[in-house]
$ cat structure-v7.tsv   # TSV, C-alpha atoms and all ligand atoms
chain	number	residue	atom	x	y	z
A	1	MET	CA	30.98	0.40	24.70
A	2	THR	CA	33.61	-0.73	27.22
A	3	THR	CA	34.29	-4.44	26.93
A	4	ASP	CA	34.93	-6.62	29.94
A	5	LEU	CA	38.51	-6.98	31.10
A	6	ARG	CA	39.63	-10.42	29.99
A	7	PRO	CA	42.73	-10.98	32.07
A	8	SER	CA	45.27	-13.03	30.23
A	9	GLY	CA	48.95	-12.90	29.44
A	10	PRO	CA	51.75	-12.43	31.96
A	11	PHE	CA	50.91	-11.18	35.48
A	12	ARG	CA	50.94	-7.39	35.81
A	13	LEU	CA	50.99	-4.87	38.64
A	14	GLY	CA	47.53	-4.58	40.17
A	15	ASP	CA	46.44	-8.12	39.15
A	16	ARG	CA	44.75	-10.27	41.77
A	17	VAL	CA	46.53	-13.60	42.07
A	18	GLN	CA	45.50	-16.75	43.88
A	19	LEU	CA	48.48	-18.59	45.35
A	20	THR	CA	48.29	-22.22	46.43
A	21	GLY	CA	51.12	-22.90	48.83
A	22	PRO	CA	52.35	-25.69	51.08
A	23	LYS	CA	49.53	-28.06	52.21
A	24	GLY	CA	47.15	-26.50	49.68
A	25	ARG	CA	46.84	-23.28	51.69
A	26	LEU	CA	45.26	-20.48	49.63
A	27	HIS	CA	46.33	-16.82	49.64
A	28	THR	CA	44.96	-14.04	47.46
A	29	VAL	CA	47.22	-11.06	46.78
A	30	THR	CA	47.02	-7.95	44.64
A	31	LEU	CA	50.37	-7.48	42.91
A	32	ARG	CA	52.24	-4.36	44.05
A	33	GLU	CA	55.71	-3.05	43.23
A	34	ASN	CA	57.15	-3.68	46.70
A	35	GLY	CA	54.51	-6.18	47.82
A	36	GLU	CA	55.43	-9.27	49.81
A	37	LEU	CA	53.51	-12.29	51.06
A	38	HIS	CA	54.78	-13.16	54.54
A	39	THR	CA	54.01	-16.60	55.93
A	40	HIS	CA	55.82	-18.79	58.46
A	41	HIS	CA	57.30	-20.58	55.42
A	42	GLY	CA	59.14	-17.40	54.32
A	43	VAL	CA	58.64	-14.35	52.15
A	44	LEU	CA	57.34	-14.31	48.59
A	45	ARG	CA	58.07	-11.06	46.75
A	46	HIS	CA	55.44	-9.96	44.28
A	47	THR	CA	58.24	-9.22	41.81
A	48	GLU	CA	58.77	-13.02	41.62
A	49	ILE	CA	55.26	-13.26	40.14
A	50	ILE	CA	55.05	-10.12	37.95
A	51	GLY	CA	55.90	-10.94	34.33
A	52	LYS	CA	55.38	-14.71	34.69
A	53	PRO	CA	52.58	-16.47	32.75
A	54	ASP	CA	49.30	-17.34	34.49
A	55	GLY	CA	49.64	-20.84	35.98
A	56	SER	CA	53.34	-20.48	36.93
A	57	VAL	CA	55.04	-21.95	39.98
A	58	VAL	CA	57.03	-19.41	42.03
A	59	THR	CA	59.36	-19.98	44.99
A	60	ASN	CA	59.59	-18.01	48.25
A	61	SER	CA	62.66	-17.19	50.36
A	62	GLY	CA	62.28	-20.51	52.24
A	63	GLY	CA	62.33	-22.56	49.02
A	64	HIS	CA	58.58	-23.32	49.22
A	65	GLU	CA	56.65	-23.42	45.98
A	66	TYR	CA	53.38	-21.63	45.20
A	67	LEU	CA	51.11	-22.14	42.20
A	68	ALA	CA	50.03	-18.71	40.91
A	69	LEU	CA	46.71	-18.41	39.05
A	70	ARG	CA	44.34	-15.55	38.28
A	71	PRO	CA	41.11	-16.31	40.18
A	72	LEU	CA	38.12	-17.53	38.16
A	73	LEU	CA	34.84	-15.72	38.84
A	74	ARG	CA	33.80	-18.53	41.20
A	75	ASP	CA	37.08	-18.13	43.15
A	76	PHE	CA	36.77	-14.35	43.20
A	77	VAL	CA	33.24	-14.26	44.62
A	78	MET	CA	34.17	-16.70	47.37
A	79	SER	CA	37.15	-14.60	48.50
A	80	MET	CA	35.96	-11.03	47.85
A	81	PRO	CA	34.95	-8.73	50.75
A	82	ARG	CA	31.36	-9.31	51.82
A	83	GLY	CA	28.85	-6.94	53.35
A	84	ALA	CA	25.89	-9.30	52.97
A	85	ALA	CA	25.88	-13.07	52.43
A	86	ILE	CA	26.52	-13.92	48.78
A	87	VAL	CA	24.80	-16.17	46.27
A	88	TYR	CA	27.12	-19.18	45.92
A	89	PRO	CA	28.39	-20.09	42.43
A	90	LYS	CA	26.24	-23.27	42.28
A	91	ASP	CA	23.10	-21.19	42.88
A	92	ALA	CA	24.19	-18.38	40.56
A	93	ALA	CA	24.63	-20.93	37.76
A	94	GLN	CA	21.18	-22.32	38.47
A	95	ILE	CA	19.66	-18.81	38.56
A	96	VAL	CA	21.16	-18.03	35.15
A	97	ALA	CA	19.72	-21.29	33.76
A	98	SER	CA	16.30	-21.34	35.49
A	99	ALA	CA	15.58	-17.65	34.91
A	100	ASP	CA	16.90	-17.98	31.35
A	101	ILE	CA	19.19	-14.96	31.62
A	102	PHE	CA	20.25	-14.37	28.01
A	103	PRO	CA	22.68	-12.05	26.17
A	104	GLY	CA	20.95	-8.70	25.63
A	105	ALA	CA	18.36	-9.23	28.41
A	106	THR	CA	17.08	-6.40	30.61
A	107	VAL	CA	17.38	-7.69	34.17
A	108	VAL	CA	16.39	-6.26	37.55
A	109	GLU	CA	18.14	-7.53	40.68
A	110	ALA	CA	17.54	-6.77	44.37
A	111	GLY	CA	19.33	-6.56	46.74
A	112	VAL	CA	22.73	-6.28	45.21
A	113	GLY	CA	24.33	-7.15	48.57
A	114	SER	CA	28.03	-7.82	47.97
A	115	GLY	CA	27.68	-7.92	44.17
A	116	ALA	CA	28.36	-11.64	43.69
A	117	LEU	CA	25.21	-12.38	41.72
A	118	ALA	CA	25.54	-9.08	39.84
A	119	LEU	CA	28.87	-10.34	38.41
A	120	TRP	CA	27.25	-13.54	37.09
A	121	LEU	CA	24.29	-11.62	35.70
A	122	LEU	CA	26.54	-9.09	33.95
A	123	ARG	CA	28.47	-11.94	32.40
A	124	ALA	CA	25.26	-13.67	31.21
A	125	ILE	CA	23.61	-10.56	29.70
A	126	GLY	CA	26.82	-9.43	27.97
A	127	PRO	CA	27.49	-5.87	26.78
A	128	ALA	CA	24.15	-5.68	24.90
A	129	GLY	CA	22.11	-6.38	28.04
A	130	ARG	CA	21.19	-4.07	30.92
A	131	LEU	CA	21.30	-4.79	34.65
A	132	HIS	CA	19.42	-2.60	37.14
A	133	SER	CA	20.49	-3.48	40.68
A	134	PHE	CA	18.75	-2.15	43.78
A	135	GLU	CA	20.03	-2.09	47.34
A	136	ARG	CA	18.51	-0.65	50.50
A	137	ARG	CA	21.83	-0.14	52.30
A	138	GLU	CA	24.34	2.32	50.92
A	139	GLU	CA	27.40	0.58	52.42
A	140	PHE	CA	26.41	-2.73	50.79
A	141	ALA	CA	26.05	-0.95	47.46
A	142	ASP	CA	29.58	0.48	47.96
A	143	VAL	CA	31.00	-3.00	48.58
A	144	ALA	CA	29.16	-4.35	45.50
A	145	ARG	CA	30.41	-1.55	43.23
A	146	ALA	CA	34.01	-2.02	44.42
A	147	ASN	CA	33.83	-5.82	43.99
A	148	VAL	CA	32.42	-5.56	40.47
A	149	GLU	CA	35.07	-3.01	39.46
A	150	THR	CA	37.83	-5.10	41.03
A	151	PHE	CA	36.83	-8.15	39.01
A	152	LEU	CA	35.97	-6.51	35.69
A	153	GLY	CA	38.54	-3.71	35.83
A	154	HIS	CA	35.82	-1.08	35.34
A	155	GLU	CA	32.23	-0.33	36.33
A	156	PRO	CA	30.21	-1.54	33.33
A	157	GLU	CA	28.22	1.12	31.46
A	158	ASN	CA	25.22	-1.21	31.23
A	159	TRP	CA	24.91	-1.53	35.03
A	160	THR	CA	23.17	0.83	37.43
A	161	VAL	CA	22.99	0.51	41.19
A	162	VAL	CA	20.13	2.39	42.82
A	163	VAL	CA	20.25	2.81	46.58
A	164	GLY	CA	16.76	2.44	48.03
A	165	ASP	CA	13.91	0.02	48.46
A	166	LEU	CA	13.00	-1.89	45.31
A	167	VAL	CA	9.28	-1.28	45.68
A	168	GLU	CA	9.75	2.49	45.94
A	169	GLU	CA	12.50	2.88	43.34
A	170	LEU	CA	11.51	0.40	40.63
A	171	PRO	CA	8.68	2.38	38.96
A	172	GLY	CA	10.96	5.41	38.53
A	173	GLN	CA	13.75	3.35	36.94
A	174	VAL	CA	12.07	1.09	34.39
A	175	ALA	CA	8.93	1.32	32.25
A	176	PRO	CA	5.96	-1.03	32.88
A	177	ALA	CA	6.22	-4.40	31.11
A	178	SER	CA	9.78	-3.65	29.91
A	179	VAL	CA	11.91	-6.04	31.99
A	180	ASP	CA	12.77	-9.56	30.83
A	181	ARG	CA	13.94	-11.08	34.10
A	182	VAL	CA	13.85	-10.19	37.82
A	183	VAL	CA	16.01	-11.81	40.49
A	184	LEU	CA	15.12	-11.22	44.14
A	185	ASP	CA	17.62	-12.18	46.84
A	186	MET	CA	16.27	-10.69	50.06
A	187	LEU	CA	14.54	-11.52	53.31
A	188	ALA	CA	10.96	-10.78	52.22
A	189	PRO	CA	10.65	-11.08	48.42
A	190	TRP	CA	6.83	-11.32	48.62
A	191	GLU	CA	6.79	-7.59	49.51
A	192	CYS	CA	8.16	-6.87	46.02
A	193	ILE	CA	6.08	-9.23	43.87
A	194	ASP	CA	3.38	-6.67	42.94
A	195	ALA	CA	5.98	-4.12	41.85
A	196	VAL	CA	7.82	-6.84	39.93
A	197	ALA	CA	4.62	-7.95	38.17
A	198	ASP	CA	4.14	-4.37	36.90
A	199	VAL	CA	7.56	-4.15	35.23
A	200	LEU	CA	7.89	-7.71	33.89
A	201	THR	CA	7.15	-8.25	30.23
A	202	PRO	CA	4.49	-10.94	29.48
A	203	GLY	CA	6.28	-14.29	29.61
A	204	GLY	CA	9.09	-12.73	31.69
A	205	VAL	CA	10.58	-14.61	34.62
A	206	VAL	CA	10.86	-13.76	38.31
A	207	ILE	CA	13.19	-15.87	40.41
A	208	CYS	CA	13.49	-15.62	44.20
A	209	TYR	CA	16.42	-16.96	46.19
A	210	VAL	CA	15.47	-17.60	49.82
A	211	ALA	CA	17.28	-19.26	52.70
A	212	THR	CA	14.48	-21.05	54.53
A	213	ALA	CA	11.52	-23.29	53.71
A	214	THR	CA	9.18	-20.87	55.49
A	215	GLN	CA	10.24	-18.03	53.15
A	216	LEU	CA	9.92	-20.36	50.17
A	217	SER	CA	6.35	-21.22	51.16
A	218	ARG	CA	5.41	-17.59	51.80
A	219	VAL	CA	6.74	-16.28	48.49
A	220	ALA	CA	5.29	-19.16	46.43
A	221	GLU	CA	1.85	-18.64	48.03
A	222	TYR	CA	2.06	-14.91	47.39
A	223	VAL	CA	3.03	-15.33	43.74
A	224	ARG	CA	0.19	-17.83	43.29
A	225	GLY	CA	-2.32	-15.58	45.05
A	226	THR	CA	-1.74	-12.65	42.67
A	227	GLY	CA	-3.13	-14.64	39.75
A	228	LEU	CA	-0.59	-12.76	37.58
A	229	PHE	CA	1.91	-15.60	37.17
A	230	ALA	CA	1.91	-19.17	35.90
A	231	GLU	CA	2.32	-21.82	38.62
A	232	PRO	CA	5.57	-21.21	40.55
A	233	GLU	CA	8.27	-23.89	40.63
A	234	ALA	CA	10.63	-24.48	43.56
A	235	ASN	CA	13.91	-26.33	43.86
A	236	GLU	CA	17.28	-26.43	45.55
A	237	THR	CA	20.68	-27.32	44.18
A	238	MET	CA	23.14	-29.59	45.94
A	239	VAL	CA	26.63	-30.01	44.57
A	240	ARG	CA	28.68	-32.83	46.03
A	241	GLY	CA	32.39	-32.86	45.29
A	242	TRP	CA	34.22	-36.12	44.62
A	243	HIS	CA	37.62	-37.30	45.70
A	244	VAL	CA	39.27	-38.93	42.69
A	245	GLU	CA	42.64	-40.53	43.39
A	246	GLY	CA	43.69	-43.95	42.13
A	247	LEU	CA	41.15	-46.49	43.39
A	248	ALA	CA	39.87	-44.10	46.07
A	249	VAL	CA	37.01	-42.61	44.05
A	250	ARG	CA	34.19	-41.49	46.34
A	251	PRO	CA	32.16	-38.45	47.36
A	252	ASP	CA	33.97	-35.89	49.53
A	253	HIS	CA	33.39	-36.32	53.24
A	254	ARG	CA	32.22	-32.71	53.57
A	255	MET	CA	29.96	-30.52	51.47
A	256	VAL	CA	27.98	-27.29	51.64
A	257	ALA	CA	24.67	-28.98	52.34
A	258	HIS	CA	22.42	-25.94	52.29
A	259	THR	CA	22.53	-22.45	50.85
A	260	GLY	CA	19.02	-21.57	49.64
A	261	PHE	CA	15.94	-22.40	47.60
A	262	LEU	CA	14.84	-21.00	44.27
A	263	VAL	CA	11.24	-20.13	43.40
A	264	THR	CA	10.61	-19.33	39.74
A	265	ALA	CA	7.44	-18.06	38.02
A	266	ARG	CA	6.53	-16.63	34.62
A	267	ARG	CA	4.43	-13.49	34.12
A	268	LEU	CA	1.12	-14.08	32.37
A	269	ALA	CA	-0.16	-11.76	29.64
A	270	PRO	CA	-2.56	-9.05	30.89
A	271	GLY	CA	-5.98	-10.59	31.51
A	272	ALA	CA	-4.79	-14.16	30.94
A	273	MET	CA	-5.70	-16.64	33.67
A	274	PRO	CA	-5.36	-20.36	32.99
A	275	PRO	CA	-7.92	-22.50	34.92
A	276	ASP	CA	-5.39	-23.88	37.45
A	277	VAL	CA	-4.07	-20.38	38.22
A	278	ARG	CA	-7.68	-19.06	38.68
A	279	LYS	CA	-8.55	-21.91	41.06
A	280	ARG	CA	-5.45	-21.43	43.18
A	281	ALA	CA	-5.62	-17.62	43.19
A	282	LEU	CA	-9.16	-17.79	44.61
A	283	LYS	CA	-8.09	-20.02	47.52
A	284	LYS	CA	-7.92	-18.39	50.97
A	285	PRO	CA	-4.32	-17.20	51.45
A	286	SER	CA	-2.23	-19.26	53.88
A	287	TYR	CA	-0.57	-16.16	55.32
A	288	ALA	CA	-2.21	-13.11	56.86
A	289	ASP	CA	-0.66	-9.63	56.68
A	290	ASP	CA	0.23	-9.86	60.39
A	291	ASP	CA	2.42	-12.86	59.67
A	292	VAL	CA	4.83	-10.64	57.77
A	293	GLU	CA	6.02	-9.28	61.10
A	294	ILE	CA	7.48	-12.65	62.05
A	295	TRP	CA	9.97	-12.65	59.15
A	296	THR	CA	12.89	-10.87	60.75
A	297	PRO	CA	16.57	-11.59	59.98
A	298	GLY	CA	16.91	-13.22	63.42
A	299	ALA	CA	13.81	-15.37	62.92
A	300	VAL	CA	15.15	-16.89	59.69
A	301	GLY	CA	18.60	-17.40	61.21
A	302	ASP	CA	20.38	-14.56	59.37
A	303	ARG	CA	23.48	-13.42	61.20
A	304	GLU	CA	23.58	-9.70	60.44
A	305	ILE	CA	26.96	-8.02	60.00
A	306	THR	CA	27.90	-5.47	62.69
A	307	ASP	CA	28.46	-1.84	61.64
A	308	LYS	CA	32.13	-2.12	62.61
A	309	ASN	CA	32.64	-5.25	60.48
A	310	LEU	CA	30.75	-3.70	57.58
A	311	ARG	CA	33.01	-0.61	57.64
A	312	LYS	CA	36.00	-3.01	57.54
A	313	ARG	CA	34.56	-4.82	54.49
A	314	VAL	CA	33.98	-1.50	52.70
A	315	ARG	CA	37.66	-0.57	53.32
A	316	GLU	CA	38.82	-4.00	52.07
A	317	ALA	CA	36.70	-3.72	48.92
A	318	GLN	CA	38.07	-0.23	48.24
A	319	ARG	CA	41.67	-1.38	48.71
A	320	ALA	CA	41.06	-4.21	46.23
A	321	VAL	CA	39.51	-1.91	43.64
A	322	SER	CA	42.54	0.37	43.73
A	323	GLY	CA	44.61	-2.65	42.63
A	324	ALA	CA	42.24	-3.17	39.71
A	325	ARG	CA	42.62	0.49	38.76
A	326	ILE	CA	46.40	0.10	38.63
A	327	ALA	CA	45.97	-2.96	36.39
A	328	ALA	CA	43.67	-0.90	34.16
A	329	GLY	CA	46.42	1.77	33.90
A	330	ASP	CA	44.74	4.32	36.17
A	331	THR	CA	47.81	5.28	38.20
A	332	ALA	CA	46.04	8.28	39.78
A	333	ASP	CA	44.46	5.79	42.13
A	334	ALA	CA	47.67	3.93	42.99
A	335	VAL	CA	47.98	2.71	46.56
A	336	THR	CA	51.14	2.85	48.60
A	337	SER	CA	53.14	-0.35	48.82
A	338	ASP	CA	52.60	-0.74	52.57
A	339	GLU	CA	48.83	-1.10	52.07
A	340	ALA	CA	48.62	-4.87	52.40
A	341	ASP	CA	45.82	-6.65	50.62
A	342	ALA	CA	43.47	-7.39	53.49
A	343	THR	CA	42.24	-10.61	51.85
A	344	GLY	CA	45.35	-12.58	52.65
A	345	ASP	CA	48.83	-11.05	52.39
A	346	VAL	CA	49.71	-12.19	55.86
A	347	ASP	CA	49.48	-15.74	57.03
A	401	LIG	C1	21.58	-11.68	50.85
A	401	LIG	S1	21.85	-10.06	50.34
A	401	LIG	C2	22.07	-10.14	48.58
A	401	LIG	C3	23.38	-10.77	48.17
A	401	LIG	C4	23.67	-10.64	46.69
A	401	LIG	N1	22.68	-11.29	45.88
A	401	LIG	C5	25.04	-11.21	46.38
A	401	LIG	O1	25.13	-12.26	45.72
A	401	LIG	O2	26.07	-10.62	46.78
A	401	LIG	C6	20.28	-9.32	50.50
A	401	LIG	C7	20.30	-7.83	50.30
A	401	LIG	O3	19.01	-7.37	49.98
A	401	LIG	C8	18.86	-6.05	50.49
A	401	LIG	N2	17.41	-5.81	50.51
A	401	LIG	C9	16.49	-6.42	51.27
A	401	LIG	N3	15.26	-6.00	50.96
A	401	LIG	C10	15.40	-5.07	49.96
A	401	LIG	C11	14.50	-4.28	49.20
A	401	LIG	N4	13.18	-4.34	49.41
A	401	LIG	N5	14.99	-3.44	48.26
A	401	LIG	C12	16.32	-3.37	48.04
A	401	LIG	N6	17.23	-4.12	48.72
A	401	LIG	C13	16.78	-4.96	49.66
A	401	LIG	C14	19.57	-6.12	51.84
A	401	LIG	O4	19.97	-4.86	52.30
A	401	LIG	C15	20.76	-7.05	51.52
A	401	LIG	O5	21.89	-6.32	51.16

$ encode --input "structure-v7.tsv" --output "structure tokens" --more "lines below"
Ligand SMILES: C[S@@+](CC[C@H](N)C(=O)[O-])C[C@H]1O[C@@H](n2cnc3c(N)ncnc32)[C@H](O)[C@@H]1O
Amino acid sequence: MTTDLRPSGPFRLGDRVQLTGPKGRLHTVTLRENGELHTHHGVLRHTEIIGKPDGSVVTNSGGHEYLALRPLLRDFVMSMPRGAAIVYPKDAAQIVASADIFPGATVVEAGVGSGALALWLLRAIGPAGRLHSFERREEFADVARANVETFLGHEPENWTVVVGDLVEELPGQVAPASVDRVVLDMLAPWECIDAVADVLTPGGVVICYVATATQLSRVAEYVRGTGLFAEPEANETMVRGWHVEGLAVRPDHRMVAHTGFLVTARRLAPGAMPPDVRKRALKKPSYADDDVEIWTPGAVGDREITDKNLRKRVREAQRAVSGARIAAGDTADAVTSDEADATGDVD
């Protein structure tokens, strides 16, 4: 089985490098033979970086210094090309903990979007686990595949991406009651709960990541109404950075105040229905079928990517993956030196 690329040692051609320059400005480059980072502070040749250890300081033609580091997974997901909005690292960490994603687990994820969460899930399940990702839109799946390969250096053998709707595709991909964990990150997760209940193993976990309180309410009520799950739990995660300098030790002035909510529930054994679940499942549902129509991307404040922008992201993701292929020694896929890394070669 292919093991994950663990980038260490001196910088090599094809490596992605995060450069912190004057005034803390960040640039991400993919190292190329004749590559150059042009900014108004001067030119930094990639050859200045190649061969140096991770964490080195390099100098550009104007005498300005840059700290060169390989991006951590959390840095990579924040700077990689996006088709759809990503799960932020703080939420991915919480998903791994709340859904109890463990090494060797069989996990289903939908939609794969830009592949950010897929990278965290692959890391958590390890080579003995299996991740089945589903995505309705082919271009998003392309971006996700390229991002995962760029970061890991290969497309993992234990990962499949199926293009199509989860509800339609899931029964053909996994056996009933065979999946340990399901993660839903989509507009209308309640549409998938019945299909998810069929494939989850008794005691298995479903976790839904939703952007608005109205979606949170709808999915929690739906899960409850099936009578197939223990009582759902809901929460959100806020991470507040701190400024720590001398006596000035205080919270940062700015923070990402909202990303999404998590709703988690555990699958009951067939026929099992604890008294509180029975009572709640029998209650009149709070949402009628007609209400589903009101959950549109616009209604929940989703800004959808335009086709033109999406094509651009696909191209960016494919350029980045060609760098990863060079690093992995696959020179057949080498890119020409004038193909600048669209994520930040030019200031
Ligand atoms: C917010 S994005 C997912 C982002 C992803 N988790 C990440 O971290 O990069 C939501 C995705 O779900 C997909 N989607 C929505 N409903 C779906 C369904 N029923 N089956 C499969 N994919 C679906 C959308 O096309 C979209 O790409």

$ residues_around --input "structure-v7.tsv" --residues "Arg145 of chain A" --least-positions-apart "3" --cutoff "12 Å" --atoms "only C-alpha atoms" --output "number ranges by chain"
A: 80-83, 112-116, 118-119, 133-135, 138-142, 148-156, 159-163, 314, 317-318, 320-321

$ residues_around --input "structure-v7.tsv" --residues "Ile207 of chain A" --least-positions-apart "3" --cutoff "9 Å" --atoms "all atoms listed in the file" --output "PDB file with C-alpha atoms, keeping the file's coordinate frame"
ATOM      1  CA  ILE A  95      19.660 -18.810  38.560  1.00  0.00           C
ATOM      2  CA  SER A  98      16.300 -21.340  35.490  1.00  0.00           C
ATOM      3  CA  ALA A  99      15.580 -17.650  34.910  1.00  0.00           C
ATOM      4  CA  ARG A 181      13.940 -11.080  34.100  1.00  0.00           C
ATOM      5  CA  VAL A 182      13.850 -10.190  37.820  1.00  0.00           C
ATOM      6  CA  VAL A 183      16.010 -11.810  40.490  1.00  0.00           C
ATOM      7  CA  LEU A 184      15.120 -11.220  44.140  1.00  0.00           C
ATOM      8  CA  ASP A 185      17.620 -12.180  46.840  1.00  0.00           C
ATOM      9  CA  LEU A 262      14.840 -21.000  44.270  1.00  0.00           C
ATOM     10  CA  VAL A 263      11.240 -20.130  43.400  1.00  0.00           C
ATOM     11  CA  THR A 264      10.610 -19.330  39.740  1.00  0.00           C
ATOM     12  CA  ALA A 265       7.440 -18.060  38.020  1.00  0.00           C
ATOM     13  CA  ARG A 266       6.530 -16.630  34.620  1.00  0.00           C
TER      14      ARG A 266
END

$ closest_residue --input "structure-v7.tsv" --among "A:Val256, A:Ala92, A:Ile326, A:Leu26" --to "ligand LIG 401 (chain A)" --atoms "all atoms listed in the file"
A:Ala92

$ closest_residue --input "structure-v7.tsv" --among "A:Asp165, A:Glu245, A:Glu191, A:Asp91" --to "ligand LIG 401 (chain A)" --atoms "only C-alpha atoms and all ligand atoms"
A:Asp165

$ atom_distance --input "structure-v7.tsv" --atom1 "atom CA of Gly129 of chain A" --atom2 "atom CA of Asp180 of chain A"
10.3 Å

$ closest_residue --input "structure-v7.tsv" --among "A:His243, A:Lys52, A:Lys284, A:Arg74" --to "ligand LIG 401 (chain A)" --atoms "all atoms listed in the file"
A:Arg74

$ closest_residue --input "structure-v7.tsv" --among "A:Ala324, A:Met273, A:Ala110, A:Val57" --to "ligand LIG 401 (chain A)" --atoms "only C-alpha atoms and all ligand atoms"
A:Ala110

$ axis_aligned_box --input "structure-v7.tsv" --around "ligand LIG 401 (chain A)" --padding-each-side "6 Å" --output "lines of an AutoDock Vina configuration file"
center_x = 19.6
center_y = -7.8
center_z = 49.0
size_x = 24.9
size_y = 20.9
size_z = 18.6

$ closest_residue --input "structure-v7.tsv" --among "A:Val300, A:Val17, A:Leu187, A:Val43" --to "ligand LIG 401 (chain A)" --atoms "all atoms listed in the file"
A:Leu187

$ atom_distance --input "structure-v7.tsv" --atom1 "atom CA of Gly35 of chain A" --atom2 "atom CA of Leu72 of chain A"
22.2 Å

$ closest_residue --input "structure-v7.tsv" --among "A:Val108, A:Ala177, A:Cys192, A:Met78" --to "ligand LIG 401 (chain A)" --atoms "only C-alpha atoms and all ligand atoms"
A:Cys192

$ atom_distance --input "structure-v7.tsv" --atom1 "atom O4 of ligand LIG 401 (chain A)" --atom2 "atom CA of Pro89 of chain A"
20.0 Å

$ residues_around --input "structure-v7.tsv" --residues "Arg267 of chain A" --least-positions-apart "2" --cutoff "9 Å" --atoms "only C-alpha atoms" --output "list of chain:residue names"
A:Ala197, A:Leu200, A:Thr201, A:Pro202, A:Gly203, A:Gly204, A:Val205, A:Val206, A:Leu228, A:Phe229, A:Ala230, A:Ala265, A:Ala269, A:Pro270

$ build_atoms --input "structure-v7.tsv" --residues "segment 172-185 of chain A" --atoms "N, CA and C atoms" --output "compact mmCIF listing (two decimals), keeping the file's coordinate frame"
# COMPACT_ATOMS: atom_id res chain seq x y z
N GLY A 172 10.26 4.25 39.08
CA GLY A 172 10.96 5.41 38.53
C GLY A 172 12.14 5.03 37.65
N GLN A 173 12.54 3.76 37.66
CA GLN A 173 13.75 3.35 36.94
C GLN A 173 13.46 2.62 35.63
N VAL A 174 12.37 1.87 35.61
CA VAL A 174 12.07 1.09 34.39
C VAL A 174 10.60 1.25 34.02
N ALA A 175 10.31 1.15 32.73
CA ALA A 175 8.93 1.32 32.25
C ALA A 175 8.13 0.05 32.54
N PRO A 176 6.79 0.18 32.68
CA PRO A 176 5.96 -1.03 32.88
C PRO A 176 6.17 -2.02 31.74
N ALA A 177 6.13 -3.29 32.07
CA ALA A 177 6.22 -4.40 31.11
C ALA A 177 7.45 -4.33 30.20
N SER A 178 8.58 -3.82 30.75
CA SER A 178 9.78 -3.65 29.91
C SER A 178 10.95 -4.55 30.34
N VAL A 179 10.77 -5.28 31.43
CA VAL A 179 11.91 -6.04 31.99
C VAL A 179 11.75 -7.53 31.65
N ASP A 180 12.84 -8.14 31.20
CA ASP A 180 12.77 -9.56 30.83
C ASP A 180 12.83 -10.50 32.02
N ARG A 181 13.70 -10.17 32.99
CA ARG A 181 13.94 -11.08 34.10
C ARG A 181 14.13 -10.29 35.40
N VAL A 182 13.63 -10.83 36.51
CA VAL A 182 13.85 -10.19 37.82
C VAL A 182 14.38 -11.24 38.78
N VAL A 183 15.45 -10.90 39.49
CA VAL A 183 16.01 -11.81 40.49
C VAL A 183 15.93 -11.13 41.85
N LEU A 184 15.25 -11.78 42.79
CA LEU A 184 15.12 -11.22 44.14
C LEU A 184 15.91 -12.09 45.11
N ASP A 185 16.88 -11.50 45.78
CA ASP A 185 17.62 -12.18 46.84
C ASP A 185 17.52 -11.28 48.06
